[in-house]
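Structure, as structure tokens:
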Amino acid sequence: MTTQTFGARIKRNEDPQLLTGQAQFVDDIHLPGMLHVAFKRSDYAHARIVNIDLETAKSMPGIIAVYTAADLRSFWQPSPLLVPPPPAEYVVFNERTGGQLAKDKVRHVGEAVVMVVAESRYLAEDAVETIGIDYDPLDPVLDLEAALTEQTAVIHEDLGHNMAAHVIQRKGDYETAKAQADLVISRRFCYDRGTASPMEGRGVVAQYDPLAQKLTVWDSTQAPLPIRNGLARILGLSERQVQVIAPFIGGGFGPKVMMFYPEETLIPWAAMQLRRPVKWIEDRQEHFYATSHDRAQVHDSEIALTKEGKILGVKDFFLHDTGAYDPYGLTLPLNTQCTLLGPYVVPHYYTEFKVVFTNKTIVAPYRGAGRPHGVFVMERFLDLAARELGLDSTEIRRRNLIPPDQFPWSNEIIYQDFTKLTYDSGNYEAVLNKAKAMIGWDEFREARRRGGEEGAGEQGSRGLPSAEHLAGEIGVQSKALKKKVGIGLVMYVEGTGIGPYEGARVQVESSGKVTVVTGVGTQGQGHYTSFAQITADALGVPVENIYVSTGDSGQFNWGTGTFASRGAVVAGSAVNEAAQKVRAKALKLAAEHLEASEADIELVDGFAQVRGVPEARVSLATLAAKANPLRGAVEPNAEPGLESTAYFGPKMGATANGAHAMIVEVDPETFNLKILKYVVVHDCGRVINPLIVEGQVHGGVAQGIGNAFYEQLVYDENGQLLNASFMDYLLPTSLDVPKMDLGHEETPSPLNPLGIKGTGEAGTIPVGPLFAQALEDALGIPGLEILEIPLSPNRLWEIVEKRRNKTV
């Protein structure tokens, strides 16, 4: 086999379609007689529904139907619980999910109450404006700690309180470790809400054919096959009667793996009721209210260390905001519990969380999915400990890293895949060393030392040199004399490639083209290219001769979805398994055709040929036709076609890891900042396509920067979201996202034949603590501690002023 594309920097197959406007998204679906939907959504965070006046809306021209929860009759039902609670040591879980339309009570602003179906979206929106709803307002539940007190209102009266879940896990005996410690640090850490803000919001189009008795749904989902299965069950159809297609998707990032949003079941139901195609496309304001949010947690934590900086144990208690309902189970707080441990030896660990219902939009995964919160706690603790012990912040990390000869490393607690959290492979010190070298850590520290000696007393209490001096020393550009420059470096692990399974079918057609089909959806990860590269190497065909189909339940019947950095690991391994089976078939057929030994056959450029005798060859196209004869006898039990289907399911997830480092310039008067240099060193096992991996990391860092310094959802005391538009909700622009220098380490995973690990969330996970560390370093204010994310120039000013006032 001479074809070798695995590891090559091949441009993405899908980009020409996307860049020339030829890619089809859900909103590009236009069908004859199509109807359009708009929703009347709650204006209140918490209220009882007293009366709904629909008369004007129903009488308006072009209005086809208006539905409330009562009109849905037996179709109304709570959405399914997507992820059950884990088999951890101590688990209490109270399942409460919402119905398609609010019945009797609304529990967050933006909850859908009425669905209007009209000849156009404009007419539907006009009708929505005429709908009057009388509410009996109730006190909103917004603060996590107050929500658990007896004095607060109860969101789900049948439950009697606002605790959605309570979980305790432990490793070793933290209290014993604490008693032996030379240093114990306790802090409160806060991580507030944000939202994914993809370019494309959610959208659903449904068409029911009563003659064929078939429902076709186009859905901007990350999990088309589970959506197919669920819709069939909910609508009383066979799974074979439902086809779900996830076309090109303009960004998923996690919220689109949240399944059975109200719109996802209502639109197909309406299409069946009205016998006409029905379409709903989420507008930007709806996305802020109706699509899941992420990341509200408050941690009260403690770390115990020796005087040499070795971690003895960690204790972490946190509250997690799940919003009004908990359909996604405990995935996010479990990820937080597990990812807090990082790449470090933590002999003793006590971790406890309570999940809290609030009158806010539901919470579900968003790129990182709880991991950034845990990493923030551990990385901030190591910075605080380094300061207390007089250690360099990279040295305290080095002293605690898991050695490379200790893998697989068991952390004992239960992970989101319900197995014990085990790291499969890694070489963390090599990652740290490369990141330090690439950012110029030692050079920066030496430049600061020299600058501090030259300018002691001129740059504040720590004798920090100017931005201009440091920038000149380390070779980055900074033009402002008054601005301060700081450096940071943090580390992380990323659980990836979890089960249960994915499948793929690989077929060599009689034309010589190769088709790869899998059930996972794609939202920009480069699946069309990476899956083609895996297949190309197995079959010895050019990448351009391979057609890849994803996310269509009519093409492939089984699968789970694209989430948790698992697409390449799990679906890619299934593609490899199927391609290897097709390869074995091709070698056997070619050996028979060429009257040679299978061991002497090689696959090269679409041909099977005898090694060393290239003129003795036969095309794969000929072999495909030979494998599918139209007449004649075949051997008993022979399989027709040069194709195969395979499934892959790992026994546990593969663990990627990495380090981010940054040099930042900050104005100490306005607290505006500029990133002068950004480095990422990542280990995702064997790299299928470095170009795609780098693109994934770039995008992740951009979102991580937004999470760290720009993006925050702000609610008032009534539960009203105050910044539900891009005029008020800040996103980083191209001017804020720096050029990045990327390095790779490769420790292959033993959990799959390709040795690969995921990389989808690597760019996002550690950016919050990196900002905190680098900004503390730049400002150089004694006792300054940044213990919350997200920041902003005004919030950073408030934190600094509070610290300065304490020292006055």
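A note on labels: chains of the structure tokens are A, B, ... as shown, every chain counts residues from 1, and ligands are counted from 1 in their shown order.
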Legend entry - For segment 583-593 of chain A: contacts at 9 Å, only C-alpha atoms, fewer than 3 positions along chain excluded, given as a ChimeraX atom specification: /A:538-540,578-580,596-603,608-610,617-620,623-624,626-627,642-643
Inset, instruction - Would you mind listing what lies within 7 Å of Ala324 of chain A as a PyMOL selection string, with only C-alpha atoms counted and same-chain residues fewer than 2 positions away left out? - result: chain A and resi 107-108+322+357-362
Legend entry - Shell of 10 Å around segment 3-16 of chain A, only C-alpha atoms, local chain residues under 6 positions omitted, as a ChimeraX atom specification: /A:22-23,248,524-544,546-548,603-606,686-693,754
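Interatomic distance, atom CA of Leu19 of chain A to atom CA of Gly700 of chain A: 20.9 Å.
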Could I get the residues of segment 325-379 of chain A with an atom no further than 10 Å from an atom of segment 553-567 of chain A, each paired with its nearest atom pair and that distance in Å to one decimal, using only C-alpha atoms, sorted by chain and residue number, as CSV?
```
residue,atom,partner,partner_atom,distance
A:Pro365,CA,A:Phe563,CA,8.8
A:Tyr366,CA,A:Phe563,CA,9.6
A:Arg367,CA,A:Ala564,CA,8.3
A:Gly368,CA,A:Ala564,CA,8.0
A:Ala369,CA,A:Ala564,CA,8.0
```
Legend entry - Long-range neighbours of Lys677 of chain A as a PyMOL selection string, 8 Å cut-off, only C-alpha atoms, 3 positions minimum in chain: chain A and resi 439+476+662-664+738-740
Legend entry - DSSP-assigned alpha helix (DSSP H) among segment 269-374 of chain A, expressed as a VMD selection string: chain A and resid 269 to 274 284 to 290 331 to 339 371 to 374
Inset, instruction - Could you please write out, as a ChimeraX atom specification, every residue of segment 369-544 of chain A that DSSP assigns to strand (DSSP E or B)? - result: /A:401,409-414,420-423,484-496,502-508,514-518
Legend entry - Residues near Val701 of chain A, cut-off 8 Å, only C-alpha atoms, skip fewer than 5 positions along chain, as number ranges by chain: A: 763-764, 767
Legend entry - Neighbour list for Ala437 of chain A as number ranges by chain, cut-off 12 Å, only C-alpha atoms, skip fewer than 6 positions in-chain: A: 394, 430-431, 443-444, 474, 489, 659-661, 679-681, 741-743
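Shell of Ile63 of chain A at 8 Å, with only C-alpha atoms counted and residues fewer than 5 places along the chain excluded, is Ala57, Lys58, Val116, Val117, Ala118, Glu119, Leu123, Ala124 and Ala127 of chain A.
Among the candidates A:Ala364, A:Leu421, A:Val167, A:Leu722, the one nearest to His293 of chain A when counting only C-alpha atoms is A:Ala364.
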Legend entry - Atomic distance atom CA of Arg170 of chain A - atom CA of Lys315 of chain A, expressed in Å with one decimal: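 Taking atom CA of Arg170 of chain A as the start and atom CA of Lys315 of chain A as the end point, the length is 9.1 Å.
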